[in-house]
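Chemist: Structure file entry-v3.txt, compact mmCIF, C-alpha atoms, is pasted below:
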```txt
# COMPACT_ATOMS: atom_id res chain seq x y z
CA MET A 1 111.12 85.50 128.37
CA THR A 2 111.51 88.61 126.20
CA ASP A 3 110.23 91.84 127.70
CA PRO A 4 107.67 93.28 125.21
CA ASP A 5 108.72 96.74 126.34
CA THR A 6 112.37 96.22 125.45
CA PRO A 7 113.31 99.38 123.53
CA LEU A 8 114.53 98.91 119.99
CA ARG A 9 116.20 101.34 117.65
CA VAL A 10 115.83 100.11 114.08
CA ALA A 11 117.58 101.26 110.90
CA TYR A 12 115.25 100.66 107.93
CA LEU A 13 116.88 99.97 104.56
CA CYS A 14 115.26 99.64 101.15
CA ASP A 15 116.20 100.76 97.66
CA PHE A 16 113.00 102.82 97.48
CA ASP A 17 111.62 105.40 99.90
CA PRO A 18 109.05 103.79 102.26
CA PHE A 19 107.12 107.07 102.28
CA ASP A 20 106.29 106.54 98.60
CA GLN A 21 102.93 104.76 98.52
CA MET A 22 103.25 103.79 94.85
CA VAL A 23 106.34 101.59 94.77
CA TYR A 24 106.26 97.85 95.47
CA SER A 25 102.45 98.00 95.21
CA GLY A 26 102.39 99.95 98.47
CA GLY A 27 104.04 97.10 100.39
CA ASN A 28 107.16 99.03 101.36
CA ALA A 29 105.08 101.81 102.91
CA ARG A 30 102.95 99.30 104.83
CA LEU A 31 105.97 97.37 106.09
CA PHE A 32 107.54 100.55 107.40
CA ALA A 33 104.33 101.77 109.05
CA ALA A 34 103.65 98.41 110.72
CA LEU A 35 107.21 98.20 112.03
CA LYS A 36 107.08 101.74 113.34
CA ALA A 37 103.80 101.04 115.12
CA ASN A 38 105.32 98.13 117.04
CA VAL A 39 108.85 99.23 117.95
CA ASP A 40 110.15 102.37 119.61
CA ASP A 41 112.24 104.03 116.92
CA VAL A 42 112.54 103.31 113.21
CA HIS A 43 114.94 105.46 111.22
CA VAL A 44 115.02 105.35 107.41
CA LEU A 45 118.56 105.08 106.05
CA ASP A 46 119.55 107.07 103.00
CA ASN A 47 119.22 104.73 100.03
CA GLY A 48 121.34 106.85 97.71
CA TRP A 49 124.57 105.60 96.17
CA GLY A 50 126.93 107.93 97.99
CA ARG A 51 129.79 108.97 95.73
CA LEU A 52 128.23 106.91 92.91
CA GLU A 53 124.92 108.76 93.05
CA ARG A 54 125.56 110.21 89.59
CA VAL A 55 125.35 106.67 88.16
CA ASN A 56 122.12 106.05 90.05
CA LYS A 57 120.51 109.20 88.64
CA ARG A 58 121.49 108.30 85.09
CA ILE A 59 119.97 104.84 85.41
CA ARG A 60 116.73 106.31 86.80
CA LYS A 61 116.35 108.43 83.66
CA LEU A 62 116.18 105.33 81.46
CA PRO A 63 112.82 103.94 80.24
CA HIS A 64 111.04 102.32 83.17
CA SER A 65 111.12 98.79 81.76
CA VAL A 66 114.92 99.01 81.43
CA GLU A 67 115.55 100.98 84.63
CA LEU A 68 113.53 98.52 86.70
CA ARG A 69 115.80 95.61 85.79
CA LEU A 70 119.11 97.40 85.38
CA ARG A 71 119.15 99.43 88.60
CA TRP A 72 119.14 96.59 91.10
CA ARG A 73 121.67 94.59 89.08
CA ALA A 74 123.95 97.62 88.90
CA HIS A 75 123.45 98.14 92.64
CA LEU A 76 124.46 94.53 93.29
CA ALA A 77 127.51 94.81 91.05
CA MET A 78 128.67 97.91 92.91
CA SER A 79 127.70 96.64 96.37
CA PRO A 80 131.34 96.53 97.60
CA VAL A 81 131.32 100.32 97.27
CA LEU A 82 127.67 101.07 98.09
CA ALA A 83 127.78 98.97 101.26
CA ARG A 84 130.27 101.41 102.74
CA HIS A 85 127.65 104.18 102.42
CA VAL A 86 125.29 102.10 104.57
CA GLU A 87 128.01 101.20 107.06
CA ARG A 88 128.86 104.86 107.67
CA GLN A 89 125.24 105.55 108.59
CA LEU A 90 125.05 102.54 110.90
CA ALA A 91 128.21 103.63 112.70
CA GLN A 92 126.61 106.99 113.53
CA GLY A 93 123.20 105.79 114.73
CA ASP A 94 123.61 103.42 117.69
CA TYR A 95 121.01 101.03 116.21
CA ASP A 96 119.94 97.66 117.59
CA VAL A 97 118.68 96.30 114.26
CA LEU A 98 119.36 96.75 110.57
CA PHE A 99 116.05 95.88 108.89
CA GLY A 100 116.00 95.35 105.13
CA ALA A 101 112.86 95.24 103.00
CA TYR A 102 112.51 93.90 99.45
CA SER A 103 116.02 94.79 98.18
CA PHE A 104 118.53 92.15 99.26
CA HIS A 105 121.11 93.99 97.15
CA SER A 106 120.92 96.90 99.61
CA MET A 107 122.08 94.50 102.34
CA CYS A 108 124.72 92.76 100.23
CA GLY A 109 128.23 93.19 101.61
CA VAL A 110 127.16 95.39 104.53
CA ARG A 111 129.18 94.80 107.71
CA VAL A 112 127.20 95.83 110.77
CA PRO A 113 128.69 96.99 114.09
CA ASP A 114 129.27 94.33 116.74
CA GLY A 115 126.09 93.35 118.55
CA MET A 116 123.70 94.64 115.89
CA VAL A 117 120.96 92.25 114.70
CA THR A 118 120.15 92.01 111.00
CA ALA A 119 116.68 91.19 109.60
CA TYR A 120 115.15 91.04 106.15
CA THR A 121 111.69 90.55 104.63
CA SER A 122 110.46 89.95 101.10
CA ASP A 123 107.80 88.15 99.08
CA ALA A 124 110.38 86.71 96.66
CA THR A 125 114.08 86.62 95.83
CA PRO A 126 115.42 87.10 92.29
CA THR A 127 116.54 83.49 91.92
CA ILE A 128 113.48 81.86 93.48
CA TYR A 129 111.18 84.11 91.47
CA LYS A 130 112.97 83.37 88.20
CA ARG A 131 112.84 79.61 88.83
CA SER A 132 109.17 79.64 89.79
CA PRO A 133 106.23 79.19 87.39
CA VAL A 134 105.58 82.91 87.86
CA GLY A 135 109.02 84.01 86.70
CA GLN A 136 109.09 81.46 83.89
CA SER A 137 105.74 82.67 82.60
CA PHE A 138 107.11 86.20 82.15
CA GLY A 139 110.54 85.21 80.85
CA SER A 140 113.65 87.39 80.95
CA PHE A 141 113.48 90.89 79.49
CA ILE A 142 117.23 91.14 79.07
CA GLY A 143 118.42 87.78 77.76
CA VAL A 144 122.08 88.44 78.50
CA SER A 145 121.17 88.95 82.17
CA ARG A 146 120.83 85.19 82.49
CA LEU A 147 124.60 85.00 82.38
CA LEU A 148 124.58 86.78 85.74
CA ASP A 149 122.26 84.26 87.40
CA PRO A 150 124.95 82.15 89.12
CA ALA A 151 126.61 85.27 90.59
CA ILE A 152 123.23 86.59 91.78
CA THR A 153 122.44 83.30 93.50
CA ARG A 154 125.84 83.29 95.22
CA ALA A 155 125.26 86.86 96.42
CA GLU A 156 121.82 85.92 97.75
CA ARG A 157 123.19 82.89 99.56
CA ALA A 158 126.02 84.87 101.17
CA THR A 159 123.69 87.69 102.22
CA PHE A 160 120.91 85.53 103.63
CA ARG A 161 123.16 83.09 105.48
CA LYS A 162 124.67 85.91 107.51
CA THR A 163 121.30 87.61 108.21
CA ASP A 164 119.99 86.88 111.70
CA LEU A 165 116.26 86.90 110.88
CA LEU A 166 114.65 86.21 107.52
CA LEU A 167 110.93 86.97 107.56
CA TRP A 168 109.31 85.54 104.44
CA ALA A 169 105.80 86.53 103.35
CA SER A 170 104.71 82.97 102.51
CA ASP A 171 105.29 79.29 103.26
CA TRP A 172 106.33 78.81 99.63
CA LEU A 173 109.16 81.32 99.87
CA HIS A 174 110.29 80.04 103.26
CA GLU A 175 110.52 76.46 102.01
CA GLU A 176 112.28 77.41 98.78
CA ALA A 177 114.75 79.69 100.57
CA VAL A 178 115.70 77.16 103.25
CA GLU A 179 116.46 74.56 100.58
CA LEU A 180 118.16 76.80 98.00
CA TYR A 181 120.32 78.85 100.35
CA GLY A 182 120.94 76.23 103.03
CA LEU A 183 119.45 78.35 105.82
CA ASP A 184 119.33 77.55 109.50
CA PRO A 185 115.65 76.94 110.42
CA ASP A 186 116.12 79.18 113.47
CA GLN A 187 116.77 82.21 111.29
CA SER A 188 114.01 81.66 108.69
CA HIS A 189 110.37 82.37 109.57
CA VAL A 190 107.01 82.83 107.84
CA VAL A 191 105.35 86.13 108.74
CA ASN A 192 102.51 86.81 106.32
CA TRP A 193 102.06 90.27 104.87
CA GLY A 194 98.77 92.13 105.08
CA ALA A 195 96.17 94.02 103.08
CA ASN A 196 97.11 97.45 101.73
CA ILE A 197 93.91 99.04 102.99
CA ASP A 198 92.74 100.36 106.33
CA PRO A 199 91.01 97.56 108.28
CA PRO A 200 87.32 97.46 107.33
CA ALA A 201 84.66 96.53 109.88
CA PRO A 202 83.50 92.91 109.67
CA GLU A 203 80.19 92.08 108.04
CA ALA A 204 77.13 92.27 110.27
CA ALA A 205 76.05 89.02 108.57
CA PRO A 206 77.54 87.00 105.70
CA LEU A 207 76.43 88.16 102.25
CA PRO A 208 73.70 85.71 101.14
CA ILE A 209 73.98 83.61 98.01
CA ALA A 210 71.30 81.70 96.09
CA PRO A 211 70.89 80.17 92.62
CA ASP A 212 67.92 82.42 91.83
CA ALA A 213 69.57 85.66 93.02
CA PRO A 214 72.17 87.91 91.36
CA LEU A 215 75.77 86.69 91.63
CA ARG A 216 78.59 89.22 91.70
CA LEU A 217 82.21 88.46 90.74
CA LEU A 218 85.18 90.82 91.23
CA PHE A 219 88.50 91.20 89.39
CA VAL A 220 91.14 93.70 90.65
CA GLY A 221 94.42 94.30 88.83
CA ARG A 222 96.30 96.31 86.22
CA ASP A 223 97.41 93.49 83.90
CA TRP A 224 94.35 91.78 82.47
CA ALA A 225 96.13 88.82 80.89
CA ALA A 226 98.73 88.17 83.61
CA LYS A 227 96.05 88.12 86.28
CA GLY A 228 93.89 85.60 84.45
CA GLY A 229 91.28 87.95 83.01
CA PRO A 230 90.37 85.75 80.01
CA THR A 231 89.69 82.80 82.33
CA THR A 232 87.57 84.99 84.60
CA VAL A 233 85.42 86.03 81.64
CA ALA A 234 85.10 82.39 80.56
CA VAL A 235 83.78 81.54 84.04
CA LEU A 236 81.34 84.44 83.88
CA ARG A 237 79.98 83.34 80.51
CA MET A 238 79.60 79.73 81.64
CA LEU A 239 77.58 80.77 84.66
CA ARG A 240 75.32 82.98 82.57
CA ALA A 241 74.85 80.19 80.05
CA GLN A 242 73.64 78.06 82.94
CA GLY A 243 70.96 80.61 83.79
CA ILE A 244 72.80 82.38 86.64
CA ASP A 245 72.42 86.18 86.76
CA ALA A 246 76.17 86.70 87.09
CA ARG A 247 77.97 90.01 86.63
CA LEU A 248 81.66 90.89 86.81
CA SER A 249 83.20 94.11 88.12
CA VAL A 250 86.68 94.84 86.77
CA VAL A 251 88.82 97.33 88.72
CA GLY A 252 92.18 98.68 87.57
CA THR A 253 92.14 97.80 83.89
CA GLU A 254 89.89 97.33 80.85
CA PRO A 255 89.42 93.98 79.12
CA PRO A 256 90.27 93.84 75.40
CA PRO A 257 87.32 93.87 72.98
CA GLU A 258 87.22 90.08 72.64
CA ASP A 259 86.74 89.72 76.40
CA MET A 260 84.16 92.47 76.87
CA ASP A 261 80.63 91.47 77.73
CA ASP A 262 77.38 93.24 78.57
CA ALA A 263 77.62 91.66 82.03
CA ILE A 264 80.95 93.39 82.79
CA ASP A 265 81.26 96.72 84.61
CA VAL A 266 84.65 98.40 84.18
CA TYR A 267 86.32 100.79 86.62
CA ARG A 268 89.65 101.70 85.07
CA PHE A 269 90.90 103.57 88.13
CA LEU A 270 89.51 104.23 91.59
CA ASP A 271 91.25 106.86 93.71
CA LYS A 272 90.93 105.67 97.29
CA SER A 273 91.92 109.13 98.55
CA ASP A 274 88.64 110.45 97.14
CA PRO A 275 85.74 109.68 99.54
CA ALA A 276 83.23 108.94 96.77
CA GLN A 277 85.58 106.62 94.90
CA LEU A 278 86.64 104.92 98.13
CA ALA A 279 82.97 104.30 98.92
CA LEU A 280 82.52 102.69 95.51
CA PHE A 281 85.68 100.59 95.96
CA THR A 282 84.41 99.40 99.34
CA ASP A 283 80.95 98.64 97.96
CA LEU A 284 82.41 96.49 95.17
CA TYR A 285 84.21 94.35 97.75
CA ARG A 286 81.22 94.27 100.10
CA THR A 287 78.71 93.17 97.44
CA ALA A 288 80.86 90.65 95.53
CA HIS A 289 80.45 86.93 96.19
CA PHE A 290 83.83 85.84 94.83
CA MET A 291 87.05 87.43 93.70
CA VAL A 292 87.98 85.47 90.59
CA MET A 293 91.61 86.20 89.69
CA LEU A 294 93.95 83.44 88.56
CA SER A 295 97.04 85.56 88.78
CA PHE A 296 100.71 84.71 88.22
CA GLU A 297 102.48 86.53 91.06
CA SER A 298 104.73 85.84 94.02
CA TYR A 299 102.20 87.04 96.62
CA GLY A 300 99.19 89.26 95.82
CA PHE A 301 97.91 91.98 98.16
CA ALA A 302 94.51 91.90 96.44
CA TYR A 303 93.79 88.52 98.04
CA CYS A 304 94.55 89.95 101.48
CA GLU A 305 92.22 92.85 100.77
CA ALA A 306 89.48 90.47 99.64
CA SER A 307 89.88 88.52 102.88
CA ALA A 308 89.53 91.76 104.85
CA TYR A 309 86.02 92.08 103.44
CA GLY A 310 85.18 88.42 103.98
CA LEU A 311 85.30 87.93 100.20
CA PRO A 312 86.49 84.43 99.21
CA SER A 313 89.01 84.24 96.36
CA LEU A 314 89.28 81.81 93.49
CA ALA A 315 92.98 81.91 92.69
CA MET A 316 95.77 79.94 91.11
CA ARG A 317 97.85 77.67 93.34
CA VAL A 318 101.16 79.29 92.44
CA ALA A 319 104.11 80.69 94.41
CA GLY A 320 103.04 82.41 97.64
CA VAL A 321 99.51 83.54 96.71
CA PRO A 322 97.84 83.90 100.16
CA VAL A 323 94.75 81.80 99.48
CA ARG A 324 94.47 78.73 101.67
CA GLU A 325 92.31 75.98 100.27
CA GLY A 326 88.86 76.04 101.85
CA VAL A 327 89.86 78.74 104.33
CA ASN A 328 89.68 82.06 102.47
CA GLY A 329 88.79 80.62 99.08
CA HIS A 330 90.12 77.99 96.72
CA ALA A 331 93.45 77.70 94.92
CA PHE A 332 93.43 75.79 91.62
CA ALA A 333 96.28 74.08 89.82
CA ILE A 334 97.86 75.82 86.86
CA GLY A 335 95.88 74.98 83.73
CA THR A 336 92.60 74.24 85.52
CA ALA A 337 89.71 74.56 83.07
CA PRO A 338 87.17 77.37 83.63
CA GLU A 339 84.48 74.68 84.04
CA GLU A 340 86.02 73.64 87.35
CA LEU A 341 85.79 77.16 88.75
CA ALA A 342 82.22 77.53 87.52
CA ASN A 343 81.32 74.19 89.12
CA ARG A 344 82.86 75.28 92.43
CA ILE A 345 80.71 78.41 92.41
CA GLN A 346 77.64 76.38 91.50
CA ALA A 347 78.29 74.12 94.50
CA TYR A 348 78.10 77.14 96.82
CA LEU A 349 74.97 78.40 95.07
CA ALA A 350 73.37 75.07 95.96
CA ASP A 351 74.62 75.23 99.57
CA PRO A 352 74.22 78.78 100.97
CA ALA A 353 75.13 77.68 104.51
CA SER A 354 78.52 76.40 103.31
CA TYR A 355 79.12 79.71 101.55
CA ALA A 356 78.26 81.68 104.71
CA ALA A 357 80.79 79.59 106.66
CA LEU A 358 83.43 80.28 104.01
CA ARG A 359 82.88 84.04 104.27
CA LEU A 360 83.29 83.90 108.05
CA ALA A 361 86.48 81.82 107.73
CA THR A 362 87.81 84.26 105.14
CA ARG A 363 87.43 87.23 107.48
CA THR A 364 89.02 85.22 110.32
CA GLU A 365 92.01 84.52 108.06
CA TYR A 366 92.44 88.26 107.62
CA GLU A 367 92.08 89.01 111.32
CA GLU A 368 94.59 86.35 112.37
CA ARG A 369 97.13 86.27 109.55
CA LEU A 370 96.67 88.67 106.64
CA ASN A 371 96.82 92.07 108.31
CA TRP A 372 99.74 94.40 108.95
CA ASP A 373 99.18 94.71 112.68
CA ALA A 374 99.63 90.94 113.04
CA TRP A 375 102.79 91.20 110.93
CA GLY A 376 104.11 94.07 113.05
CA ARG A 377 103.46 92.34 116.37
CA ARG A 378 105.07 89.08 115.26
CA THR A 379 108.05 90.84 113.70
CA ALA A 380 108.62 93.04 116.75
CA ALA A 381 108.53 89.96 119.01
CA LEU A 382 111.10 88.15 116.87
CA LEU A 383 113.36 91.21 116.77
CA ARG A 384 113.18 91.73 120.53
CA ALA A 385 113.94 88.07 121.22
CA LYS A 386 116.93 88.14 118.90
CA VAL A 387 118.25 91.42 120.33
CA ALA A 388 117.82 90.14 123.90
CA ALA A 389 119.71 86.94 123.04
CA ARG A 390 122.50 88.95 121.44
CA ARG A 391 122.76 91.23 124.47
CA ALA A 392 122.89 88.24 126.80
CA LEU A 393 126.00 87.04 125.00
CA SER A 394 127.81 90.35 125.18
```
With the file now loaded, output its structure as structure tokens.
Modeler:
Amino acid sequence: MTDPDTPLRVAYLCDFDPFDQMVYSGGNARLFAALKANVDDVHVLDNGWGRLERVNKRIRKLPHSVELRLRWRAHLAMSPVLARHVERQLAQGDYDVLFGAYSFHSMCGVRVPDGMVTAYTSDATPTIYKRSPVGQSFGSFIGVSRLLDPAITRAERATFRKTDLLLWASDWLHEEAVELYGLDPDQSHVVNWGANIDPPAPEAAPLPIAPDAPLRLLFVGRDWAAKGGPTTVAVLRMLRAQGIDARLSVVGTEPPPEDMDDAIDVYRFLDKSDPAQLALFTDLYRTAHFMVMLSFESYGFAYCEASAYGLPSLAMRVAGVPVREGVNGHAFAIGTAPEELANRIQAYLADPASYAALRLATRTEYEERLNWDAWGRRTAALLRAKVAARRALS
């Protein structure tokens, strides 16, 4: 049995600074904080390019849409050199674990000291994302980059097969990775990510719902079209046409003119560091009956946040979106007509007790699976078990 007090010294590696709350939708910062809260010592490795830092700086000055795609590919291409920069840091730190987040290319080609455990977490990999309905819906920005796909897949396979623990954010990614990369089931695990908000208190009682009372829908995201905004508006209009007093709150973006409606309230940006705006953000989640967001994405922190407030989500059944059917909402097949979503809402309007049970189950899903403390505890336990097994062999 692994001693939960076994000390661990972890080297944290990512291509972006985990102290930056803005990158990776805040996920990198949350991963780092949750890991640090559950192990003894987490040290952030320098993610610069060593003697090639001049190249890195030049790439970062490019337009964001180009820099975003070019930088990691350039990093991967130069990994035989950049890996040495990581290895020098590992040799000086006496670490038990090298822990990589998001950027597999940062781990590519790195040779760790004898006895050190390697671990990695992500919500997608470049190849799995590109092959998924999500990646295919967005296409490739740089067409010539497709010529690199076979080399990228080989690099992924080589990196992941030699990594001791792979902690995937979803069942979808775990299943795809095991099959595509030929992973050992003992090294590949599902450890769900959490909500990028501080844990809210549970509801004193489930928010009531009734056919003759106002119905509130919520949409949260920056990309109106990619997150299914037009479908959400179609659902809103169908409900109103059926005599339901439905309103939609949109946070993070503004619908185009053709999708605007008198029943839509728009909040282009809410600064959660400002107490008044945070209170409004919280109230929108607390008073909504459903989050309606049929988004194309590999995971989706917004669904975790909705679950934290006991708010059921109506989402698309795609990739690793963390909505379990009938548990914290409903996940619909790609191409589902808006009528089906409207009918599902109508069914709950006719059965308030069933809706109350769904809200309770949604909050339970957050408490048990979709929070960062649960991720940190599970990850720390897996790391300690792997380190203890490695030590027993030495």
Chemist: Mind checking which residues fall within 10 Å of Thr121 of chain A, counting all atoms listed in the file, ignoring those fewer than 4 positions away in the same chain, and posting them as a list in words?
Modeler: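 Those residues are Leu31, Phe99, Gly100, Ala101, Tyr102, Ser103, Phe104, Thr125, Leu165, Leu166, Leu167, Trp168, Ala169, His189, Val190, Val191, Trp193 and Thr379 of chain A.
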Chemist: So that I can see what lies close to Thr287 of chain A, please list as a VMD selection string the residues with an atom at most 8 Å from it, counting all atoms listed in the file and leaving out residues fewer than 4 positions away in the same chain.
Modeler: chain A and resid 207 216 283
Chemist: Find, counting all atoms listed in the file, the residue in A:Asp271, A:Val220, A:Gln242, A:Asp351 that gets nearest to Tyr303 of chain A.
Modeler: A:Val220
Chemist: My list of candidates is A:Phe19, A:Arg71, A:Pro206, A:Ser307. Which is closest to Pro352 of chain A when distances are computed with all atoms listed in the file?
Modeler: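 Closest to Pro352 of chain A of all the choices is A:Pro206.
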Chemist: Determine, counting only C-alpha atoms, which protein, DNA and RNA residues have an atom within 7 Å of an atom of Gly376 of chain A; residues of the same chain fewer than 6 positions away are not included. Present the result as a compact mmCIF listing (two decimals) with C-alpha atoms, in the frame of the given file.
Modeler:
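result16.txt was written with the following content:
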```txt
# COMPACT_ATOMS: atom_id res chain seq x y z
CA ALA A 34 103.65 98.41 110.72
CA LEU A 35 107.21 98.20 112.03
CA ASN A 38 105.32 98.13 117.04
```
Chemist: Hey, which of A:Val112, A:Met293, A:Ile244, A:Cys14 ends up closest to Ala225 of chain A? Count all atoms listed in the file.
Modeler: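 Among the listed residues, the smallest separation from Ala225 of chain A belongs to A:Met293.
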Chemist: To one decimal place in Å, what is the distance between atom CA of Leu13 of chain A and atom CA of Leu45 of chain A?
Modeler: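 That distance, rounded to one decimal, is 5.6 Å.
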Chemist: Considering all atoms listed in the file, return as a ChimeraX atom specification whatever protein or nucleic-acid residues lie within 10 Å of Glu175 of chain A, sequence-local ones (same chain, fewer than 4 positions apart) excluded.
Modeler: /A:168,170-171,179-180,183,185,188-190
Chemist: Rank nothing, just name the residue among A:Gln136, A:Ser313, A:Ser298, A:Asn47 nearest to Phe219 of chain A, using only C-alpha atoms.
Modeler: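 Counting only C-alpha atoms, the residue closest to Phe219 of chain A is A:Ser313.
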Chemist: Just checking: using only C-alpha atoms, which residue out of A:Val66, A:Ala353, A:Val134, A:Ala83 ends up closest to Arg317 of chain A?
Modeler: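 Among the listed residues, A:Val134 lies closest to Arg317 of chain A.
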Chemist: Have a look at atom CA of Met116 of chain A and atom CA of Asp96 of chain A and let me know their distance in Å, one decimal.
Modeler: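 Going from atom CA of Met116 of chain A over to atom CA of Asp96 of chain A covers 5.1 Å.
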Chemist: Go through A:Met238, A:Tyr299, A:Met22, A:Ala306 and flag the residue nearest Thr364 of chain A, using all atoms listed in the file for the distances.
Modeler: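 So, comparing all the options, the nearest one is A:Ala306.
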Chemist: Please check which residues have atoms at most 8 Å from (99.4, 84.6, 87.5) in the file's coordinates, counting all atoms listed in the file, and write them as a PyMOL selection string.
Modeler: chain A and resi 134+226-228+294-297+316+318
Chemist: Report as JSON the centre and the edge lengths, in Å to one decimal, of the axis-aligned box holding every listed atom of segment 285-295 of chain A, padded by 6 Å on each side.
Modeler:
```
{"center_x": 87.9, "center_y": 88.9, "center_z": 94.3, "size_x": 30.3, "size_y": 22.9, "size_z": 23.5}
```
Chemist: Please provide the set of residues having any atom within 10 Å of Leu239 of chain A, restricted to all atoms listed in the file, with same-chain residues fewer than 6 positions apart removed, written as a PyMOL selection string.
Modeler: chain A and resi 215+233+245-247+339+341-343+345-346
Chemist: Would you put the residues from that selection into a file with C-alpha atoms, as an mmCIF file, keeping the file's coordinate frame?
Modeler:
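Listing of result_24.cif after writing:
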```cif
data_model
loop_
_atom_site.group_PDB
_atom_site.id
_atom_site.type_symbol
_atom_site.label_atom_id
_atom_site.label_comp_id
_atom_site.auth_asym_id
_atom_site.auth_seq_id
_atom_site.Cartn_x
_atom_site.Cartn_y
_atom_site.Cartn_z
ATOM 1 C CA LEU A 215 75.770 86.690 91.630
ATOM 2 C CA VAL A 233 85.420 86.030 81.640
ATOM 3 C CA ASP A 245 72.420 86.180 86.760
ATOM 4 C CA ALA A 246 76.170 86.700 87.090
ATOM 5 C CA ARG A 247 77.970 90.010 86.630
ATOM 6 C CA GLU A 339 84.480 74.680 84.040
ATOM 7 C CA LEU A 341 85.790 77.160 88.750
ATOM 8 C CA ALA A 342 82.220 77.530 87.520
ATOM 9 C CA ASN A 343 81.320 74.190 89.120
ATOM 10 C CA ILE A 345 80.710 78.410 92.410
ATOM 11 C CA GLN A 346 77.640 76.380 91.500
#
```
Chemist: Given the point (120.6, 98.8, 97.2) in the file's coordinates, find the residues that have an atom at most 7 Å from it, counting only C-alpha atoms, and give them as a list in words.
Modeler: Cys14, Asp15, Asn47, Trp72, His75, Leu76, Ser103, His105, Ser106 and Met107 of chain A
Chemist: What would the file look like if the residues just selected were written as a JSON list (two decimals), keeping the file's coordinate frame with C-alpha atoms?
Modeler:
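After the write, out.json holds the following:
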```json
[["chain", "number", "residue", "atom", "x", "y", "z"],
["A", 14, "CYS", "CA", 115.26, 99.64, 101.15],
["A", 15, "ASP", "CA", 116.20, 100.76, 97.66],
["A", 47, "ASN", "CA", 119.22, 104.73, 100.03],
["A", 72, "TRP", "CA", 119.14, 96.59, 91.10],
["A", 75, "HIS", "CA", 123.45, 98.14, 92.64],
["A", 76, "LEU", "CA", 124.46, 94.53, 93.29],
["A", 103, "SER", "CA", 116.02, 94.79, 98.18],
["A", 105, "HIS", "CA", 121.11, 93.99, 97.15],
["A", 106, "SER", "CA", 120.92, 96.90, 99.61],
["A", 107, "MET", "CA", 122.08, 94.50, 102.34]]
```
Chemist: Find the distance between atom CA of Asn192 of chain A and atom CA of Leu8 of chain A and write it in Å to one decimal.
Modeler: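 Atom CA of Leu8 of chain A lies at a distance of 21.9 Å from atom CA of Asn192 of chain A.
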Chemist: Output as a PDB file, keeping the file's coordinate frame: segment 375-387 of chain A, completed with N, CA and C atoms.
Modeler:
```pdb
ATOM      1  N   TRP A 375     101.408  91.263 111.393  1.00  0.00           N
ATOM      2  CA  TRP A 375     102.790  91.200 110.930  1.00  0.00           C
ATOM      3  C   TRP A 375     103.701  92.009 111.845  1.00  0.00           C
ATOM      4  N   GLY A 376     103.283  93.209 112.209  1.00  0.00           N
ATOM      5  CA  GLY A 376     104.110  94.070 113.050  1.00  0.00           C
ATOM      6  C   GLY A 376     104.353  93.486 114.425  1.00  0.00           C
ATOM      7  N   ARG A 377     103.310  92.925 115.026  1.00  0.00           N
ATOM      8  CA  ARG A 377     103.460  92.340 116.370  1.00  0.00           C
ATOM      9  C   ARG A 377     104.413  91.150 116.337  1.00  0.00           C
ATOM     10  N   ARG A 378     104.227  90.264 115.359  1.00  0.00           N
ATOM     11  CA  ARG A 378     105.070  89.080 115.260  1.00  0.00           C
ATOM     12  C   ARG A 378     106.517  89.459 114.964  1.00  0.00           C
ATOM     13  N   THR A 379     106.702  90.406 114.055  1.00  0.00           N
ATOM     14  CA  THR A 379     108.050  90.840 113.700  1.00  0.00           C
ATOM     15  C   THR A 379     108.740  91.500 114.884  1.00  0.00           C
ATOM     16  N   ALA A 380     108.033  92.368 115.592  1.00  0.00           N
ATOM     17  CA  ALA A 380     108.620  93.040 116.750  1.00  0.00           C
ATOM     18  C   ALA A 380     109.028  92.019 117.819  1.00  0.00           C
ATOM     19  N   ALA A 381     108.195  90.989 118.019  1.00  0.00           N
ATOM     20  CA  ALA A 381     108.530  89.960 119.010  1.00  0.00           C
ATOM     21  C   ALA A 381     109.785  89.194 118.614  1.00  0.00           C
ATOM     22  N   LEU A 382     109.906  88.863 117.330  1.00  0.00           N
ATOM     23  CA  LEU A 382     111.100  88.150 116.870  1.00  0.00           C
ATOM     24  C   LEU A 382     112.344  89.024 116.986  1.00  0.00           C
ATOM     25  N   LEU A 383     112.213  90.299 116.663  1.00  0.00           N
ATOM     26  CA  LEU A 383     113.360  91.210 116.770  1.00  0.00           C
ATOM     27  C   LEU A 383     113.794  91.359 118.228  1.00  0.00           C
ATOM     28  N   ARG A 384     112.834  91.553 119.117  1.00  0.00           N
ATOM     29  CA  ARG A 384     113.180  91.730 120.530  1.00  0.00           C
ATOM     30  C   ARG A 384     113.852  90.480 121.099  1.00  0.00           C
ATOM     31  N   ALA A 385     113.339  89.301 120.729  1.00  0.00           N
ATOM     32  CA  ALA A 385     113.940  88.070 121.220  1.00  0.00           C
ATOM     33  C   ALA A 385     115.368  87.917 120.711  1.00  0.00           C
ATOM     34  N   LYS A 386     115.590  88.276 119.457  1.00  0.00           N
ATOM     35  CA  LYS A 386     116.930  88.140 118.900  1.00  0.00           C
ATOM     36  C   LYS A 386     117.887  89.163 119.516  1.00  0.00           C
ATOM     37  N   VAL A 387     117.411  90.382 119.706  1.00  0.00           N
ATOM     38  CA  VAL A 387     118.250  91.420 120.330  1.00  0.00           C
ATOM     39  C   VAL A 387     118.572  91.044 121.779  1.00  0.00           C
TER      40      VAL A 387
END
```
